[in-house]
Structure formats: C-alpha cells, structure tokens
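Visitor: For reference, this is protein36.csv, and it has CSV, C-alpha atoms and all ligand atoms.
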chain,number,residue,atom,x,y,z
A,81,MET,CA,-10.1,-15.1,91.3
A,82,ALA,CA,-10.2,-13.3,88.0
A,83,ILE,CA,-9.5,-13.7,84.3
A,84,LEU,CA,-7.0,-11.3,82.9
A,85,VAL,CA,-7.9,-10.3,79.4
A,86,THR,CA,-5.0,-8.7,77.5
A,87,GLY,CA,-6.1,-6.6,74.6
A,88,GLY,CA,-9.5,-6.5,76.2
A,89,ALA,CA,-10.4,-3.0,74.9
A,90,GLY,CA,-10.1,-4.3,71.3
A,91,TYR,CA,-12.6,-5.8,68.9
A,92,ILE,CA,-12.6,-9.5,70.0
A,93,GLY,CA,-11.5,-8.7,73.5
A,94,SER,CA,-14.3,-6.4,74.3
A,95,HIS,CA,-16.9,-8.9,73.1
A,96,THR,CA,-15.2,-11.6,75.1
A,97,VAL,CA,-15.3,-9.5,78.3
A,98,VAL,CA,-19.1,-9.2,77.8
A,99,GLU,CA,-19.5,-13.0,77.5
A,100,LEU,CA,-17.2,-13.6,80.5
A,101,GLN,CA,-19.1,-11.2,82.7
A,102,ASN,CA,-22.4,-12.6,81.6
A,103,ALA,CA,-21.1,-16.0,82.5
A,104,GLY,CA,-20.3,-14.7,86.0
A,105,TYR,CA,-16.5,-14.3,85.8
A,106,ASP,CA,-14.5,-11.4,87.3
A,107,VAL,CA,-12.6,-9.7,84.6
A,108,VAL,CA,-9.4,-7.6,84.7
A,109,VAL,CA,-8.5,-5.9,81.4
A,110,LEU,CA,-5.0,-4.8,80.3
A,111,ASP,CA,-4.6,-2.9,77.1
A,112,ASN,CA,-2.1,-0.2,75.9
A,113,LEU,CA,-4.9,1.3,73.7
A,114,SER,CA,-2.6,1.3,70.7
A,115,ASN,CA,-5.5,0.1,68.5
A,116,SER,CA,-8.5,0.7,70.7
A,117,SER,CA,-10.4,3.1,72.9
A,118,GLU,CA,-11.2,2.8,76.6
A,119,LYS,CA,-14.8,3.8,75.6
A,120,SER,CA,-15.3,0.2,74.4
A,121,LEU,CA,-15.0,-0.9,78.1
A,122,GLU,CA,-17.5,1.8,79.3
A,123,ARG,CA,-19.9,0.4,76.8
A,124,VAL,CA,-19.2,-3.2,77.9
A,125,GLU,CA,-20.1,-2.0,81.4
A,126,LYS,CA,-23.4,-0.6,80.1
A,127,ILE,CA,-24.2,-3.9,78.4
A,128,THR,CA,-23.4,-6.2,81.4
A,129,GLY,CA,-24.2,-3.8,84.3
A,130,LYS,CA,-20.8,-4.9,85.8
A,131,LYS,CA,-17.6,-3.0,86.4
A,132,VAL,CA,-14.5,-3.8,84.4
A,133,THR,CA,-11.2,-3.4,86.2
A,134,PHE,CA,-8.9,-1.7,83.6
A,135,TYR,CA,-5.2,-1.2,83.5
A,136,LYS,CA,-3.7,0.9,80.7
A,137,ALA,CA,-0.5,-1.1,80.3
A,138,ASP,CA,1.8,-2.6,77.7
A,139,ILE,CA,2.7,-6.3,77.7
A,140,LEU,CA,6.3,-5.3,77.0
A,141,ASP,CA,6.3,-3.4,80.4
A,142,ARG,CA,7.4,-6.0,82.9
A,143,GLU,CA,7.0,-3.7,85.9
A,144,ALA,CA,3.5,-2.8,85.0
A,145,LEU,CA,2.7,-6.5,84.6
A,146,GLU,CA,4.3,-7.3,87.9
A,147,GLU,CA,2.1,-4.7,89.6
A,148,ILE,CA,-1.1,-6.2,88.1
A,149,PHE,CA,-0.2,-9.7,89.0
A,150,ASN,CA,0.7,-8.6,92.6
A,151,LYS,CA,-2.6,-6.7,93.0
A,152,GLU,CA,-5.1,-9.0,91.3
A,153,GLN,CA,-5.8,-12.6,91.9
A,154,ILE,CA,-5.5,-13.9,88.4
A,155,GLU,CA,-6.3,-17.5,87.6
A,156,CYS,CA,-6.1,-17.5,83.8
A,157,VAL,CA,-5.0,-15.1,81.0
A,158,ILE,CA,-6.9,-14.7,77.8
A,159,HIS,CA,-4.3,-13.2,75.6
A,160,PHE,CA,-5.6,-11.0,72.7
A,161,ALA,CA,-3.0,-8.2,72.9
A,162,GLY,CA,-1.1,-7.9,69.7
A,163,LEU,CA,-0.7,-6.1,66.4
A,164,LYS,CA,-2.7,-7.7,63.6
A,165,ALA,CA,-2.4,-5.8,60.3
A,166,VAL,CA,-1.0,-8.2,57.7
A,167,GLY,CA,0.2,-5.5,55.3
A,168,GLU,CA,1.8,-3.4,58.0
A,169,SER,CA,3.6,-6.5,59.3
A,170,VAL,CA,5.4,-6.8,56.0
A,171,ALA,CA,6.6,-3.2,56.2
A,172,LYS,CA,7.4,-3.4,59.9
A,173,PRO,CA,8.5,-6.9,60.8
A,174,TRP,CA,10.6,-5.9,63.8
A,175,GLU,CA,7.7,-4.1,65.4
A,176,TYR,CA,5.5,-7.1,64.9
A,177,TYR,CA,8.0,-9.7,66.3
A,178,GLN,CA,8.8,-7.3,69.2
A,179,ASN,CA,5.3,-6.5,70.2
A,180,ASN,CA,3.7,-9.9,69.6
A,181,VAL,CA,6.5,-12.4,70.3
A,182,ALA,CA,8.7,-10.5,72.8
A,183,GLY,CA,5.6,-9.1,74.5
A,184,THR,CA,4.2,-12.6,75.0
A,185,LEU,CA,7.5,-13.9,76.3
A,186,ILE,CA,7.5,-11.2,79.0
A,187,LEU,CA,3.8,-11.8,79.8
A,188,VAL,CA,4.4,-15.6,80.2
A,189,ASP,CA,7.5,-15.0,82.3
A,190,VAL,CA,5.6,-12.8,84.7
A,191,MET,CA,2.7,-15.3,84.7
A,192,ARG,CA,4.9,-18.2,85.8
A,193,GLN,CA,6.7,-16.1,88.4
A,194,HIS,CA,3.3,-15.6,89.9
A,195,GLY,CA,2.2,-19.2,89.6
A,196,VAL,CA,-0.4,-18.5,86.9
A,197,LYS,CA,0.0,-21.2,84.3
A,198,ASN,CA,-3.2,-21.0,82.3
A,199,ILE,CA,-3.3,-19.2,79.0
A,200,ILE,CA,-5.8,-19.0,76.2
A,201,PHE,CA,-4.1,-17.6,73.1
A,202,SER,CA,-5.6,-15.9,70.0
A,203,SER,CA,-4.2,-17.8,67.1
A,204,SER,CA,-5.4,-17.8,63.6
A,205,SER,CA,-6.3,-19.9,60.6
A,206,THR,CA,-3.3,-18.2,58.9
A,207,VAL,CA,-1.1,-20.9,60.5
A,208,TYR,CA,-2.5,-23.3,57.9
A,209,GLY,CA,-1.0,-21.2,55.1
A,210,MET,CA,-2.2,-22.5,51.7
A,211,PRO,CA,-4.0,-25.7,52.9
A,212,ASP,CA,-3.7,-28.9,50.8
A,213,ALA,CA,-7.4,-29.8,51.5
A,214,ILE,CA,-10.3,-27.9,53.0
A,215,PRO,CA,-12.0,-27.9,55.5
A,216,VAL,CA,-8.9,-27.8,57.7
A,217,THR,CA,-8.9,-29.8,60.9
A,218,GLU,CA,-6.5,-29.2,63.8
A,219,LYS,CA,-4.5,-32.1,62.4
A,220,SER,CA,-3.9,-30.3,59.1
A,221,PRO,CA,-0.3,-29.4,58.7
A,222,LYS,CA,0.9,-25.9,59.7
A,223,LYS,CA,2.4,-24.3,56.6
A,224,ASP,CA,4.7,-21.4,55.7
A,225,CYS,CA,3.0,-18.1,56.5
A,226,THR,CA,2.9,-15.4,53.9
A,227,ASN,CA,3.7,-12.5,56.2
A,228,PRO,CA,5.4,-11.6,59.6
A,229,TYR,CA,2.0,-11.3,61.3
A,230,GLY,CA,1.2,-14.9,60.5
A,231,TRP,CA,4.6,-16.0,61.6
A,232,THR,CA,4.1,-14.4,65.0
A,233,LYS,CA,1.0,-16.6,65.5
A,234,SER,CA,2.8,-19.7,64.2
A,235,MET,CA,5.9,-19.0,66.4
A,236,LEU,CA,3.8,-18.2,69.5
A,237,GLU,CA,1.9,-21.5,69.1
A,238,GLN,CA,5.2,-23.3,69.0
A,239,ILE,CA,6.7,-21.3,72.0
A,240,LEU,CA,3.6,-21.8,74.2
A,241,SER,CA,3.5,-25.5,73.2
A,242,ASP,CA,7.1,-26.0,74.2
A,243,ILE,CA,6.6,-24.2,77.5
A,244,GLN,CA,3.6,-26.5,78.3
A,245,LYS,CA,5.7,-29.6,77.3
A,246,ALA,CA,8.6,-28.5,79.6
A,247,ASP,CA,6.2,-27.8,82.5
A,248,PRO,CA,3.0,-29.9,82.4
A,249,GLU,CA,1.4,-27.7,85.1
A,250,TRP,CA,0.7,-25.3,82.2
A,251,ASN,CA,-2.6,-25.3,80.4
A,252,VAL,CA,-2.2,-23.8,77.0
A,253,ILE,CA,-5.3,-23.5,74.8
A,254,LEU,CA,-4.6,-22.3,71.3
A,255,LEU,CA,-7.7,-21.0,69.5
A,256,ARG,CA,-7.4,-20.7,65.7
A,257,TYR,CA,-9.9,-18.1,64.6
A,258,PHE,CA,-11.3,-18.0,61.1
A,259,ASN,CA,-12.7,-14.6,60.0
A,260,PRO,CA,-14.5,-12.8,62.8
A,261,ILE,CA,-17.1,-10.2,61.7
A,262,GLY,CA,-20.3,-8.9,63.2
A,263,ALA,CA,-20.8,-7.0,66.4
A,264,HIS,CA,-22.7,-7.1,69.7
A,265,GLN,CA,-26.4,-7.1,69.0
A,266,SER,CA,-26.8,-3.9,71.0
A,267,GLY,CA,-24.9,-2.0,68.3
A,268,THR,CA,-22.7,-0.3,70.9
A,269,ILE,CA,-19.4,-2.2,70.5
A,270,GLY,CA,-17.8,-3.4,67.3
A,271,GLU,CA,-14.8,-3.3,65.1
A,272,ASN,CA,-13.1,0.1,64.8
A,273,PRO,CA,-10.2,0.0,62.4
A,274,ASN,CA,-7.7,2.8,62.2
A,275,GLY,CA,-7.5,4.3,58.7
A,276,ILE,CA,-8.3,2.3,55.6
A,277,PRO,CA,-9.7,-1.1,56.7
A,278,ASN,CA,-7.6,-4.1,55.6
A,279,ASN,CA,-10.4,-6.6,56.1
A,280,LEU,CA,-13.5,-7.2,54.0
A,281,MET,CA,-16.4,-6.5,56.3
A,282,PRO,CA,-15.2,-3.2,57.8
A,283,TYR,CA,-14.5,-2.1,54.2
A,284,ILE,CA,-18.1,-3.1,53.2
A,285,THR,CA,-19.7,-1.2,56.1
A,286,GLN,CA,-17.6,1.9,55.5
A,287,VAL,CA,-18.7,1.9,51.8
A,288,ALA,CA,-22.3,1.4,53.1
A,289,VAL,CA,-22.1,4.4,55.4
A,290,GLY,CA,-20.6,6.6,52.7
A,291,LYS,CA,-17.1,6.9,54.0
A,292,ARG,CA,-15.6,5.1,50.9
A,293,PRO,CA,-16.9,5.3,47.4
A,294,GLU,CA,-16.7,1.6,46.5
A,295,LEU,CA,-15.3,-1.8,47.5
A,296,GLY,CA,-12.3,-3.2,45.6
A,297,ILE,CA,-12.6,-6.9,45.2
A,298,PHE,CA,-9.1,-8.4,45.1
A,299,GLY,CA,-9.3,-10.9,42.2
A,300,ASN,CA,-12.1,-12.8,40.5
A,301,ASP,CA,-10.0,-15.6,39.0
A,302,TYR,CA,-9.5,-17.7,42.0
A,303,ASN,CA,-10.2,-21.4,42.0
A,304,THR,CA,-13.6,-21.0,43.7
A,305,PRO,CA,-17.2,-21.2,42.4
A,306,ASP,CA,-17.5,-17.5,41.5
A,307,GLY,CA,-13.8,-16.7,41.3
A,308,THR,CA,-13.6,-14.6,44.4
A,309,GLY,CA,-11.9,-15.7,47.6
A,310,VAL,CA,-13.8,-18.0,50.0
A,311,ARG,CA,-13.5,-17.6,53.8
A,312,ASP,CA,-15.2,-18.9,56.9
A,313,TYR,CA,-16.8,-15.8,58.5
A,314,ILE,CA,-17.7,-16.2,62.2
A,315,HIS,CA,-19.8,-13.9,64.3
A,316,VAL,CA,-17.6,-12.2,66.9
A,317,VAL,CA,-20.2,-13.0,69.7
A,318,ASP,CA,-19.8,-16.8,68.8
A,319,LEU,CA,-16.1,-16.4,68.9
A,320,ALA,CA,-16.2,-14.7,72.3
A,321,ASP,CA,-18.4,-17.5,73.6
A,322,GLY,CA,-15.7,-20.0,72.3
A,323,HIS,CA,-13.3,-18.4,74.9
A,324,VAL,CA,-15.7,-18.9,77.7
A,325,LYS,CA,-16.2,-22.5,76.7
A,326,ALA,CA,-12.4,-23.0,76.3
A,327,LEU,CA,-12.1,-22.2,80.1
A,328,LYS,CA,-13.5,-25.7,80.6
A,329,LYS,CA,-10.2,-27.2,79.4
A,330,VAL,CA,-8.3,-25.0,81.9
A,331,GLN,CA,-10.5,-26.2,84.7
A,332,GLU,CA,-10.0,-29.8,83.6
A,333,ASN,CA,-6.2,-29.3,83.6
A,334,ALA,CA,-6.2,-30.5,80.0
A,335,GLY,CA,-2.6,-29.4,79.1
A,336,LEU,CA,-2.2,-28.4,75.5
A,337,CYS,CA,-5.3,-28.1,73.4
A,338,ILE,CA,-5.9,-26.7,70.0
A,339,TYR,CA,-9.3,-25.7,68.5
A,340,ASN,CA,-10.5,-24.3,65.2
A,341,LEU,CA,-13.2,-21.6,65.8
A,342,GLY,CA,-15.2,-21.2,62.6
A,343,THR,CA,-18.6,-22.1,61.3
A,344,GLY,CA,-17.5,-24.7,58.8
A,345,VAL,CA,-19.1,-22.9,55.9
A,346,GLY,CA,-17.2,-20.9,53.3
A,347,TYR,CA,-18.6,-17.7,51.7
A,348,SER,CA,-17.1,-15.9,48.8
A,349,VAL,CA,-16.5,-12.1,48.7
A,350,LEU,CA,-19.4,-11.8,46.3
A,351,ASP,CA,-21.6,-14.0,48.6
A,352,LEU,CA,-20.9,-11.7,51.5
A,353,VAL,CA,-21.6,-8.5,49.4
A,354,LYS,CA,-24.9,-9.9,48.2
A,355,THR,CA,-26.0,-11.1,51.7
A,356,PHE,CA,-25.0,-7.7,53.1
A,357,GLU,CA,-27.1,-5.9,50.4
A,358,GLU,CA,-30.1,-8.2,50.9
A,359,THR,CA,-30.0,-8.0,54.7
A,360,THR,CA,-29.5,-4.3,55.1
A,361,GLY,CA,-31.1,-2.9,51.9
A,362,VAL,CA,-27.9,-0.9,51.2
A,363,LYS,CA,-26.2,-1.2,47.8
A,364,ILE,CA,-22.4,-1.8,47.8
A,365,PRO,CA,-20.8,-0.6,44.6
A,366,TYR,CA,-17.7,-2.6,43.8
A,367,SER,CA,-15.1,-3.1,41.1
A,368,ILE,CA,-12.7,-6.0,40.5
A,369,LYS,CA,-9.0,-5.2,41.3
A,370,GLU,CA,-5.8,-7.1,41.1
A,371,ARG,CA,-5.2,-10.0,43.5
A,372,ARG,CA,-3.8,-9.0,46.9
A,373,ALA,CA,-0.4,-10.5,47.5
A,374,GLY,CA,-0.4,-13.5,49.8
A,375,ASP,CA,-4.2,-14.2,49.5
A,376,ILE,CA,-5.3,-17.8,49.2
A,377,ASP,CA,-8.2,-19.2,47.2
A,378,ALA,CA,-10.3,-20.7,49.9
A,379,ASN,CA,-10.2,-21.8,53.5
A,380,TYR,CA,-12.8,-22.9,56.0
A,381,ALA,CA,-12.9,-24.8,59.2
A,382,ASP,CA,-13.8,-28.2,60.4
A,383,ALA,CA,-14.9,-27.2,63.8
A,384,THR,CA,-16.0,-30.6,65.0
A,385,LYS,CA,-13.4,-30.9,67.7
A,386,ALA,CA,-14.6,-27.7,69.4
A,387,LYS,CA,-18.1,-29.0,69.3
A,388,GLU,CA,-17.2,-32.4,70.7
A,389,GLU,CA,-14.7,-31.3,73.4
A,390,LEU,CA,-16.0,-27.8,74.4
A,391,GLY,CA,-19.7,-28.1,73.5
A,392,TRP,CA,-19.2,-25.0,71.4
A,393,GLU,CA,-20.6,-24.3,68.0
A,394,ALA,CA,-21.4,-21.2,66.1
A,395,LYS,CA,-25.0,-20.1,66.5
A,396,TYR,CA,-25.2,-17.1,64.1
A,397,GLY,CA,-25.3,-17.2,60.4
A,398,VAL,CA,-23.9,-14.8,57.8
A,399,LYS,CA,-27.2,-12.7,57.7
A,400,GLU,CA,-26.9,-12.0,61.4
A,401,MET,CA,-23.2,-11.1,60.9
A,402,CYS,CA,-24.1,-8.6,58.2
A,403,ALA,CA,-27.1,-7.1,60.2
A,404,ASP,CA,-25.0,-6.7,63.3
A,405,SER,CA,-22.0,-5.3,61.6
A,406,TRP,CA,-24.3,-2.7,59.9
A,407,ARG,CA,-26.1,-1.8,63.2
A,408,TRP,CA,-22.7,-1.1,64.8
A,409,GLN,CA,-21.4,0.9,61.8
A,410,SER,CA,-24.5,2.9,61.1
A,411,GLN,CA,-25.0,3.8,64.8
A,412,ASN,CA,-21.3,4.7,65.2
A,413,PRO,CA,-20.1,6.0,61.8
A,414,ASN,CA,-16.9,7.2,63.5
A,415,GLY,CA,-16.5,4.2,65.8
A,416,TYR,CA,-15.8,5.3,69.4
A,417,GLU,CA,-15.0,8.9,68.4
A,418,ASP,CA,-18.6,10.1,68.6
B,501,LIG,P1,-7.6,-5.4,68.1
B,501,LIG,O1,-6.5,-4.6,67.5
B,501,LIG,O2,-9.0,-4.8,68.1
B,501,LIG,O3,-7.3,-5.9,69.6
B,501,LIG,C1,-6.0,-6.1,70.0
B,501,LIG,C2,-5.8,-5.2,71.3
B,501,LIG,O4,-4.5,-5.4,71.8
B,501,LIG,C3,-5.9,-3.7,71.0
B,501,LIG,O5,-6.9,-3.2,71.9
B,501,LIG,C4,-4.6,-3.1,71.2
B,501,LIG,O6,-4.6,-1.8,71.7
B,501,LIG,C5,-4.0,-4.1,72.2
B,501,LIG,N1,-2.5,-4.2,72.2
B,501,LIG,C6,-1.7,-4.4,71.1
B,501,LIG,N2,-0.4,-4.4,71.5
B,501,LIG,C7,-0.4,-4.3,72.8
B,501,LIG,C8,0.6,-4.3,73.8
B,501,LIG,N3,1.9,-4.4,73.5
B,501,LIG,N4,0.3,-4.3,75.1
B,501,LIG,C9,-1.0,-4.1,75.5
B,501,LIG,N5,-2.0,-4.1,74.6
B,501,LIG,C10,-1.7,-4.2,73.3
B,501,LIG,O7,-7.7,-6.8,67.4
B,501,LIG,P2,-8.7,-8.0,67.4
B,501,LIG,O8,-9.3,-8.2,66.1
B,501,LIG,O9,-9.6,-7.9,68.6
B,501,LIG,O10,-7.7,-9.2,67.6
B,501,LIG,C11,-7.4,-9.8,68.9
B,501,LIG,C12,-6.4,-10.9,68.8
B,501,LIG,O11,-7.0,-11.9,67.9
B,501,LIG,C13,-5.1,-10.4,68.2
B,501,LIG,O12,-4.1,-11.2,68.8
B,501,LIG,C14,-5.3,-10.9,66.7
B,501,LIG,O13,-4.0,-11.1,66.1
B,501,LIG,C15,-6.1,-12.2,66.9
B,501,LIG,N6,-6.8,-12.5,65.6
B,501,LIG,C16,-7.6,-11.6,65.1
B,501,LIG,C17,-8.3,-11.9,63.9
B,501,LIG,C18,-9.2,-10.9,63.2
B,501,LIG,O14,-9.5,-11.1,62.0
B,501,LIG,N7,-9.6,-9.9,63.9
B,501,LIG,C19,-8.1,-13.2,63.3
B,501,LIG,C20,-7.3,-14.1,64.0
B,501,LIG,C21,-6.6,-13.8,65.1
B,502,LIG,N1,-11.0,-8.7,50.2
B,502,LIG,C1,-11.4,-7.9,49.2
B,502,LIG,N2,-11.4,-6.5,49.3
B,502,LIG,C2,-11.0,-5.9,50.5
B,502,LIG,C3,-10.7,-6.7,51.6
B,502,LIG,C4,-10.7,-8.1,51.4
B,502,LIG,O1,-11.8,-8.4,48.1
B,502,LIG,O2,-11.0,-4.7,50.6
B,502,LIG,C5,-11.1,-10.2,50.1
B,502,LIG,C6,-9.8,-10.8,50.3
B,502,LIG,O3,-9.1,-10.9,49.1
B,502,LIG,C7,-10.2,-12.2,50.8
B,502,LIG,C8,-11.5,-11.9,51.6
B,502,LIG,O4,-11.9,-10.7,51.1
B,502,LIG,O5,-10.5,-13.1,49.7
B,502,LIG,C9,-11.3,-11.8,53.1
B,502,LIG,O6,-10.2,-10.9,53.3
B,502,LIG,P1,-9.8,-10.4,54.8
B,502,LIG,O7,-8.7,-9.5,54.7
B,502,LIG,O8,-11.1,-9.9,55.5
B,502,LIG,O9,-9.4,-11.8,55.5
B,502,LIG,P2,-8.2,-12.8,55.3
B,502,LIG,O10,-7.7,-12.6,53.9
B,502,LIG,O11,-7.2,-12.5,56.3
B,502,LIG,O12,-8.8,-14.2,55.5
Output the file's structure in the form of structure tokens.
Ligand code: NAD
Ligand code: UDP

Guide:
Amino acid sequence: MAILVTGGAGYIGSHTVVELQNAGYDVVVLDNLSNSSEKSLERVEKITGKKVTFYKADILDREALEEIFNKEQIECVIHFAGLKAVGESVAKPWEYYQNNVAGTLILVDVMRQHGVKNIIFSSSSTVYGMPDAIPVTEKSPKKDCTNPYGWTKSMLEQILSDIQKADPEWNVILLRYFNPIGAHQSGTIGENPNGIPNNLMPYITQVAVGKRPELGIFGNDYNTPDGTGVRDYIHVVDLADGHVKALKKVQENAGLCIYNLGTGVGYSVLDLVKTFEETTGVKIPYSIKERRAGDIDANYADATKAKEELGWEAKYGVKEMCADSWRWQSQNPNGYED
C-alpha cells in the first residue's frame, strides 16, 4: 500500500516525500509540473536512497487519475497540488477555483470510486482571515478571506468536511500551515519560485544571492512591536514531519481532524531580516514600501492540539530556517535549472 502525494514535486511536497520515505512508506507522486521540476524528485531519491514512482498528471484529468488508482495500491492521499500565488489569484480567480476546487472535486470522486477515503489536505492559516485574537487555535472562527486563493482553501475545507459528514468512512485531516520557509539540510531541495517571489524568505534569499537589489518591506506602521508584519515561520522539514504524524489519525479512523502546524512564535519582517543577516553573515539592503493589499498585522499559531494529539511539535528555530534557506539558495542560485 502506498501514499499518493499530489503536488509532490513542489516545495512542501518534495520535503514530505523525503520524510515519508524515511519513515518507511511507499510513495507515489502525481504532479503536472506547472510550478515545479521533476529534478526535485531525482534529488529526493538521492537523499533517501529510494525510488519515487512519478506520474506527470493533472488532477483535472479524470482519466489519468483513474489509471493511477487502477495501477497503484493507494491507501491515503496527501493533497498538495494547487496554485498558491495570492496576487495571481486576484487577477485569475477562475483559474484558481478551477484548478484548486474543481481539481480536488475530481480527485475526491476518483478516490471514492476506488474505495480510497483517506485524505490529508494542505490548508492554510489564511482561513483565519484577520483574527480577533492571537495565537489562533483550531476553534478560532474562520473569517472572510482577502483573495480567491484563500477562498479555495476555505471552501475546500468545507467541501471535504461535508463529504466526511455524509460518509463517515472518510478520514479527512485538514492541516493549516503557517509560513513554511527553510529547506532540507542537504541544500539539494528547496523553494523555487517562478519569477519575482511573492513570499518574504525567497525574496530575502534572492537579494542575498544578488538576483535582486533590495528587499521591499511592505509597511512599518502595523500594530506590532516594530511596525512590520508578524508571522509564524515554520521549517519546511518540521511541516513535512507533521504530515507523517498526521497519518496516525488516518490509521486510527479518526474522521474529521483539524490541526494548526506552526511554531507558536511570531517574528516580524525586521526580526527575520536581522536573524538572516546574523546567521549567514550576508547583508540584506531594504527599504520601506507601501502596505501590501490584504496583509494583516500579525498571526501565529497555538499548535497545542497537534502536540497533544499527533505528538508533533516544531523542532527547528528561525536560525535554522535562515541557515537552511540560504544553503539551498546559495548552492542553487537558479533553483533546479542548474
Ligand atoms: P508548490 O507550487 O511548490 O507545490 C504545488 C505543486 O502542485 C506544484 O509542484 C505544482 O506543479 C502542482 N500542481 C498545481 N496544480 C496542479 C494540478 N492541477 N495537477 C497536478 N499538479 C498540480 O507549492 P507549495 O508551497 O509546496 O504548496 C503546497 C500546498 O500547500 C499548496 O496546496 C499550497 O496552497 C499549500 N500551502 C502552501 C503554503 C506556502 O506558504 N508555501 C502555505 C499554506 C498552504
Ligand atoms: N513581506 C514583505 N516584503 C516582501 C514579501 C513579504 O515585507 O517582499 C512581508 C509581508 O507584508 C508579511 C510578511 O512579509 O508581513 C510575510 O509575507 P508572506 O507573503 O511571506 O506571507 P503571508 O503574508 O502570506 O503570511
């Protein structure tokens, strides 16, 4: 029996494949490579010494999914495949709803037709919108999202929860990620954004490697200690391990479960820049820009539930996150294109 990892060639997916293989699971990866390279999987194989079964396929392609489910003995799907650029989702809402929501509906339909009713889904802290109080717990209310990407996560949580309610044979594990950064300690796999990075850490590392002249900090008048936005950054290897630990709930037939995956500690943009400089010795020139539309002041997780129920907690701190992001970026200035 194998775990099917959709989007497994991507940033979080590739790190999760490493942790799954290290934990002894057989892994099948499905990815359309729209935002990734197959080279990530070759590097995963080098890290783990095990083969990855890979299908270049789209979750919107029912026939391709049928073929995979007919051929492979899948027991659970870890579902990462999706488009994830917030700004792009505002410009292309149809594409986001089609790819993320319609794609997941097709995937889930093929799963149930093959009697596979276990799914671990990549959700996001974005479902908390502008929280009333932080840290947020899983009981904190879901709020309006500020962009179509966020809505796809919020809607898919609802859709998967309703499917589980209607058919209790389903196990649906919703993992709400905070801000994944860092890379595998080998420096051989990591985040590889197309074009100008949207997220803070890949922007910092591209400035550090000389690809961009300076970092723009989006606002320094937020209601936070230094005025810049505060987020809960989590090492991608810890996040990957959270998926392996979440399989426990599938094995226990736990039904619907929701977990925050974060460290519980908030860092500001300036904190992260300073820690990056101190850890790597590389200076990051920056200037203060306008606020970015839709950004919130601060958010960080209460991750107690994941600790108590999954035995999971983040092991790595922000220094390791900076050092590992830098090792990846400096060894692979052009990502997987080298
Ligand atoms: P990523 O873009 O690196 O990985 C997503 C993968 O899905 C890519 O390899 C892409 O090629 C593939 N994909 C996209 N559409 C597909 C389709 N229709 N069929 C098959 N494959 C498809 O992104 P990531 O950062 O690894 O994120 C993984 C998941 O976690 C996504 O669902 C994302 O929304 C979610 N998430 C990410 C973050 C973050 O900050 N990175 C935060 C919260 C949630
Ligand atoms: N940010 C920034 N400059 C950038 C990218 C991000 O100042 O080039 C800030 C952003 O305003 C937020 C924090 O960094 O306060 C994290 O942003 P990111 O996009 O990485 O994550 P998200 O906003 O989705 O939590």

Visitor: Could you tell me how far CA of Arg123 (chain A) sits from atom C4 of ligand LIG 502 (chain B), in Å to one decimal place?

Guide: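 So the answer is 28.3 Å.
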
Visitor: Enumerate residues in contact with ligand LIG 501 (chain B): an atom-to-atom distance of at most 9 Å, counting all atoms listed in the file. Format the result as a VMD selection string.

Guide: chain A and resid 86 to 95 110 to 118 136 to 141 159 to 165 178 to 180 183 to 184 201 to 206 229 to 230 232 to 233 255 to 261 270 to 273 279 316

Visitor: Return the single residue from A:Pro173, A:Gly167, A:Gly290, A:Gly195 that is closest to ligand LIG 502 (chain B), with distances computed using all atoms listed in the file.

Guide: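 Smallest distance to ligand LIG 502 (chain B) is found for A:Gly167.
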
Visitor: Nearest residue to Lys329 (chain A) out of A:Leu350, A:Ile253, A:Ile368, A:Cys156, using all atoms listed in the file?

Guide: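 Closest to Lys329 (chain A), using all atoms listed in the file: A:Ile253.
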
Visitor: Skipping near chain neighbours, those fewer than 3 positions away, what residues fall within 8 Å of Asn333 (chain A) using only C-alpha atoms, listed as JSON, numbers by chain?

Guide: {"A": [249, 251, 329, 330]}

Visitor: Go ahead and write the selection's residues with C-alpha atoms as a CSV table (one decimal), in the coordinates of the input.

Guide:
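Output saved as selection01.csv:
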chain,number,residue,atom,x,y,z
A,249,GLU,CA,1.4,-27.7,85.1
A,251,ASN,CA,-2.6,-25.3,80.4
A,329,LYS,CA,-10.2,-27.2,79.4
A,330,VAL,CA,-8.3,-25.0,81.9

Visitor: What's the 6 Å shell around Gly267 (chain A), counting all atoms listed in the file, without same-chain residues fewer than 2 positions away, as a PyMOL selection string?

Guide: chain A and resi 264-265+269+407-408

Visitor: Which value, in Å to one decimal, gives the distance between CA of Gly209 (chain A) and CA of Asp306 (chain A)?

Guide: 21.7 Å

Visitor: So, with all atoms listed in the file as the atoms that count, which of A:Leu327, A:Val345, A:Val166, A:Ala403 lies closest to ligand LIG 502 (chain B)?

Guide: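 Using all atoms listed in the file, the shortest distance to ligand LIG 502 (chain B) belongs to A:Val166.
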